[in-house]
Structure formats: C-alpha cells, structure tokens
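The structure appears below as structure tokens.
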Amino acid sequence: MNTVEGILESFVTADTISNLKIKTELGEFYCLVLETPQTADYIKVGKNLKLLLKEGDFILTRERIYPFNSFEAKVKEVEVSEILVRVKLTSGKYEFVALITKQEFEHLSIKPEDYVFLFVKATNIILEV
C-alpha cells in the first residue's frame, strides 16, 4: 500500500457523503467518504491524514489528465511479467509501486528514468486517521 501525508484543507457534505480536499506535498487530492463531520471526528479542517493508495488503483499517463488527484513521478524500476507490470516510482520524498497491465505498459513505452503522471480516483483513496 502506498501512502501520502496530507492535511484536510476543506470539505463539502451532502446527506451522508463528504468530499474532502486534502493538501499534500504532491498536490491536491479529493477523497469521497461515506461519513460526515457528525459521524467522523477526523473531518475537521487542519486535521493530518494519510492517504492510502493501492498499487492497482493508479492510472499512469504521459500527460497530466487532471489538476487534482494526480502527480508526476520518476520511473525507478520496471518488472515485466506475462500479464502484469510492476512499476516502482518516486515523487518528492515518496516511493510508489503501481501495477499495470502489460498492454498499458507497452502502450506507454516507459523505462527507468522516464517521468509519468499517476492518477487515482477520489473513490479509490483510503484514509488513515
């Protein structure tokens, strides 16, 4: 599991869902949670949070597709198997591992020392408080 530290900058709540805006050294991330400030004491502006990002939840691209929930990273190592490719990356002080299909890997044509963008959907971010 990949982790990124952040601070809750703001949030919007409707019914039983909250959309949290979390500021990190890698940029802004939005995260949807099925909780509200009334049901979860961590939904407070200024609260320190950890974003947990699963290896298989990243989308790798050559260009940034959104100004949020994405960041640039440097490819450090690539492990190719018959079906999946394990890509080790760094961005700032963080190290990441991303799993992509061999087809995605071949389409991107990435190699160590290349730069790519990683994107993760707001519904795929897990919070550790």
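Following the order of the structure tokens, first chain is A, next is B, and so on, with residues numbered from 1 inside each chain and ligands from 1 in the order they appear.
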
Would you please give, as a PDB file with N, CA, C and O atoms, in the first residue's frame, all residues of chain A that DSSP assigns to alpha helix (DSSP H) based on the backbone?
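Result went into states-v3.pdb, see below:
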ATOM      1  N   LYS A 102       0.222  -5.471 -18.970  1.00  0.00           N
ATOM      2  CA  LYS A 102       1.309  -5.469 -19.948  1.00  0.00           C
ATOM      3  C   LYS A 102       0.933  -4.619 -21.170  1.00  0.00           C
ATOM      4  O   LYS A 102       1.777  -3.942 -21.745  1.00  0.00           O
ATOM      5  N   GLN A 103      -0.355  -4.620 -21.530  1.00  0.00           N
ATOM      6  CA  GLN A 103      -0.816  -3.807 -22.658  1.00  0.00           C
ATOM      7  C   GLN A 103      -0.634  -2.321 -22.362  1.00  0.00           C
ATOM      8  O   GLN A 103      -0.200  -1.550 -23.230  1.00  0.00           O
ATOM      9  N   GLU A 104      -0.975  -1.896 -21.131  1.00  0.00           N
ATOM     10  CA  GLU A 104      -0.787  -0.491 -20.752  1.00  0.00           C
ATOM     11  C   GLU A 104       0.696  -0.127 -20.816  1.00  0.00           C
ATOM     12  O   GLU A 104       1.073   0.936 -21.320  1.00  0.00           O
ATOM     13  N   PHE A 105       1.523  -1.012 -20.282  1.00  0.00           N
ATOM     14  CA  PHE A 105       2.964  -0.796 -20.268  1.00  0.00           C
ATOM     15  C   PHE A 105       3.510  -0.634 -21.686  1.00  0.00           C
ATOM     16  O   PHE A 105       4.286   0.287 -21.975  1.00  0.00           O
ATOM     17  N   GLU A 106       3.108  -1.528 -22.582  1.00  0.00           N
ATOM     18  CA  GLU A 106       3.584  -1.461 -23.960  1.00  0.00           C
ATOM     19  C   GLU A 106       3.091  -0.197 -24.658  1.00  0.00           C
ATOM     20  O   GLU A 106       3.820   0.413 -25.446  1.00  0.00           O
ATOM     21  N   HIS A 107       1.872   0.206 -24.361  1.00  0.00           N
ATOM     22  CA  HIS A 107       1.322   1.431 -24.956  1.00  0.00           C
ATOM     23  C   HIS A 107       2.089   2.661 -24.461  1.00  0.00           C
ATOM     24  O   HIS A 107       2.413   3.558 -25.251  1.00  0.00           O
ATOM     25  N   LEU A 108       2.393   2.704 -23.162  1.00  0.00           N
ATOM     26  CA  LEU A 108       3.109   3.846 -22.586  1.00  0.00           C
ATOM     27  C   LEU A 108       4.584   3.851 -22.966  1.00  0.00           C
ATOM     28  O   LEU A 108       5.214   4.901 -23.004  1.00  0.00           O
TER      29      LEU A 108
END

Practice task
Within 12 Å of Arg86 in chain A, counting only C-alpha atoms, which residues show up once you throw out same-chain ones fewer than 5 positions away? Write them as a PyMOL selection string, please.
Solution key: chain A and resi 55-56+58+60+75-81+96-102+104-105+110-111

For N, CA and C atoms, I'd like the residues from the last selection saved as a short mmCIF file (atom, residue, chain, number, x, y, z; two decimals), in the first residue's frame.
data_model
loop_
_atom_site.label_atom_id
_atom_site.label_comp_id
_atom_site.auth_asym_id
_atom_site.auth_seq_id
_atom_site.Cartn_x
_atom_site.Cartn_y
_atom_site.Cartn_z
N GLU A 55 -1.83 -0.32 -5.08
CA GLU A 55 -0.97 -0.47 -6.25
C GLU A 55 -1.76 -0.57 -7.56
N GLY A 56 -2.89 -1.24 -7.51
CA GLY A 56 -3.68 -1.45 -8.72
C GLY A 56 -4.65 -0.34 -9.05
N PHE A 58 -3.85 2.96 -9.56
CA PHE A 58 -3.25 4.06 -10.31
C PHE A 58 -3.52 3.93 -11.79
N LEU A 60 -1.58 5.36 -15.06
CA LEU A 60 -0.35 6.02 -15.49
C LEU A 60 -0.56 6.63 -16.86
N VAL A 75 10.14 7.04 -12.97
CA VAL A 75 10.21 5.58 -13.00
C VAL A 75 11.60 5.15 -12.54
N LYS A 76 11.64 4.30 -11.51
CA LYS A 76 12.92 3.81 -10.99
C LYS A 76 13.23 2.40 -11.48
N GLU A 77 12.19 1.57 -11.55
CA GLU A 77 12.40 0.17 -11.91
C GLU A 77 11.12 -0.38 -12.52
N VAL A 78 11.27 -1.33 -13.44
CA VAL A 78 10.13 -1.96 -14.10
C VAL A 78 10.34 -3.48 -14.06
N GLU A 79 9.33 -4.20 -13.56
CA GLU A 79 9.37 -5.66 -13.54
C GLU A 79 8.24 -6.18 -14.41
N VAL A 80 8.60 -6.77 -15.54
CA VAL A 80 7.61 -7.22 -16.52
C VAL A 80 7.35 -8.71 -16.34
N SER A 81 6.07 -9.09 -16.27
CA SER A 81 5.69 -10.50 -16.27
C SER A 81 4.78 -10.75 -17.46
N PHE A 96 6.63 4.83 -4.66
CA PHE A 96 5.36 4.20 -5.01
C PHE A 96 5.60 2.93 -5.81
N VAL A 97 4.60 2.05 -5.76
CA VAL A 97 4.56 0.89 -6.63
C VAL A 97 3.20 0.92 -7.32
N ALA A 98 3.22 0.76 -8.63
CA ALA A 98 1.98 0.71 -9.41
C ALA A 98 1.96 -0.58 -10.21
N LEU A 99 0.81 -1.22 -10.25
CA LEU A 99 0.60 -2.41 -11.08
C LEU A 99 -0.24 -2.02 -12.28
N ILE A 100 0.27 -2.32 -13.47
CA ILE A 100 -0.48 -2.04 -14.69
C ILE A 100 -0.44 -3.29 -15.56
N THR A 101 -1.33 -3.34 -16.54
CA THR A 101 -1.32 -4.49 -17.45
C THR A 101 -0.14 -4.36 -18.41
N LYS A 102 0.22 -5.47 -18.97
CA LYS A 102 1.31 -5.47 -19.95
C LYS A 102 0.93 -4.62 -21.17
N GLU A 104 -0.98 -1.90 -21.13
CA GLU A 104 -0.79 -0.49 -20.75
C GLU A 104 0.70 -0.13 -20.82
N PHE A 105 1.52 -1.01 -20.28
CA PHE A 105 2.96 -0.80 -20.27
C PHE A 105 3.51 -0.63 -21.69
N ILE A 110 7.27 2.87 -21.29
CA ILE A 110 8.06 3.52 -20.24
C ILE A 110 9.27 2.68 -19.86
N LYS A 111 10.28 3.37 -19.37
CA LYS A 111 11.52 2.71 -18.93
C LYS A 111 12.08 3.51 -17.75
#

Practice task
From a DSSP calculation on the backbone, collect every residue of chain A in strand (DSSP E or B) and output the set as a PyMOL selection string.
Solution key: chain A and resi 2-14+17-24+27-33+48-53+59-61+70-80+84-91+94-101+115-119+126-128

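You will find CA of Glu95 in chain A at 9.0 Å from CA of Ala73 in chain A.
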
Problem - Near-Ile126 in chain A list (8 Å; only C-alpha atoms; drop same-chain fewer than 3 positions) as a ChimeraX atom specification - result: /A:31,51-53

Practice task
For Thr123 in chain A, list every protein, DNA or RNA residue within 9 Å, evaluated using only C-alpha atoms, and leave out those in the same chain fewer than 5 positions away; present the list as a PyMOL selection string.
Solution key: chain A and resi 30-33

Pick out the residues sitting within 9 Å of range 10-19 of chain A, and hand them over as a short mmCIF file (atom, residue, chain, number, x, y, z; two decimals) with N, CA, C and O atoms, in the first residue's frame; count only C-alpha atoms, and ignore anything fewer than 3 positions along from it in its own chain.
data_model
loop_
_atom_site.label_atom_id
_atom_site.label_comp_id
_atom_site.auth_asym_id
_atom_site.auth_seq_id
_atom_site.Cartn_x
_atom_site.Cartn_y
_atom_site.Cartn_z
N ILE A 22 -7.76 17.49 0.28
CA ILE A 22 -6.58 17.23 1.10
C ILE A 22 -5.35 17.78 0.39
O ILE A 22 -5.08 17.45 -0.76
N TYR A 30 -8.73 14.94 -3.83
CA TYR A 30 -10.10 14.88 -3.35
C TYR A 30 -10.42 13.43 -3.03
O TYR A 30 -10.03 12.53 -3.75
N CYS A 31 -11.13 13.24 -1.93
CA CYS A 31 -11.45 11.90 -1.45
C CYS A 31 -12.91 11.88 -1.01
O CYS A 31 -13.32 12.72 -0.20
N LEU A 32 -13.69 10.95 -1.52
CA LEU A 32 -15.08 10.78 -1.10
C LEU A 32 -15.15 9.79 0.05
O LEU A 32 -14.55 8.71 -0.02
N VAL A 33 -15.87 10.16 1.10
CA VAL A 33 -16.08 9.26 2.23
C VAL A 33 -17.56 9.21 2.55
O VAL A 33 -18.28 10.18 2.38
N LEU A 34 -18.01 8.06 3.02
CA LEU A 34 -19.42 7.89 3.38
C LEU A 34 -19.63 8.25 4.85
O LEU A 34 -20.16 7.48 5.63
N GLU A 35 -19.16 9.46 5.19
CA GLU A 35 -19.28 9.97 6.55
C GLU A 35 -19.45 11.47 6.50
O GLU A 35 -19.22 12.10 5.46
N THR A 36 -19.81 12.05 7.63
CA THR A 36 -19.99 13.49 7.77
C THR A 36 -19.25 13.96 9.02
O THR A 36 -18.83 13.13 9.83
N PRO A 37 -19.12 15.27 9.21
CA PRO A 37 -18.48 15.74 10.45
C PRO A 37 -19.22 15.26 11.71
O PRO A 37 -18.62 15.13 12.77
N THR A 39 -20.54 12.25 12.04
CA THR A 39 -20.29 10.81 12.26
C THR A 39 -18.80 10.45 12.32
O THR A 39 -18.47 9.33 12.68
N ILE A 43 -13.10 14.58 10.28
CA ILE A 43 -13.48 15.55 9.26
C ILE A 43 -13.49 16.94 9.90
O ILE A 43 -14.52 17.48 10.29
N LYS A 44 -12.27 17.48 10.03
CA LYS A 44 -12.04 18.81 10.60
C LYS A 44 -10.93 19.47 9.80
O LYS A 44 -9.87 18.87 9.58
N VAL A 45 -11.15 20.70 9.39
CA VAL A 45 -10.13 21.44 8.65
C VAL A 45 -8.86 21.50 9.51
O VAL A 45 -8.92 21.75 10.71
N GLY A 46 -7.72 21.22 8.90
CA GLY A 46 -6.44 21.22 9.59
C GLY A 46 -6.01 19.87 10.12
O GLY A 46 -4.88 19.72 10.60
N ALA A 122 -11.08 9.69 -6.76
CA ALA A 122 -11.45 10.07 -5.40
C ALA A 122 -12.10 8.92 -4.64
O ALA A 122 -11.98 8.83 -3.42
#

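Between Pro112 in chain A and the residues A:Lys74, A:Lys93, A:Leu127, A:Tyr66, the shortest atom-to-atom distance, using only C-alpha atoms, involves A:Lys74.
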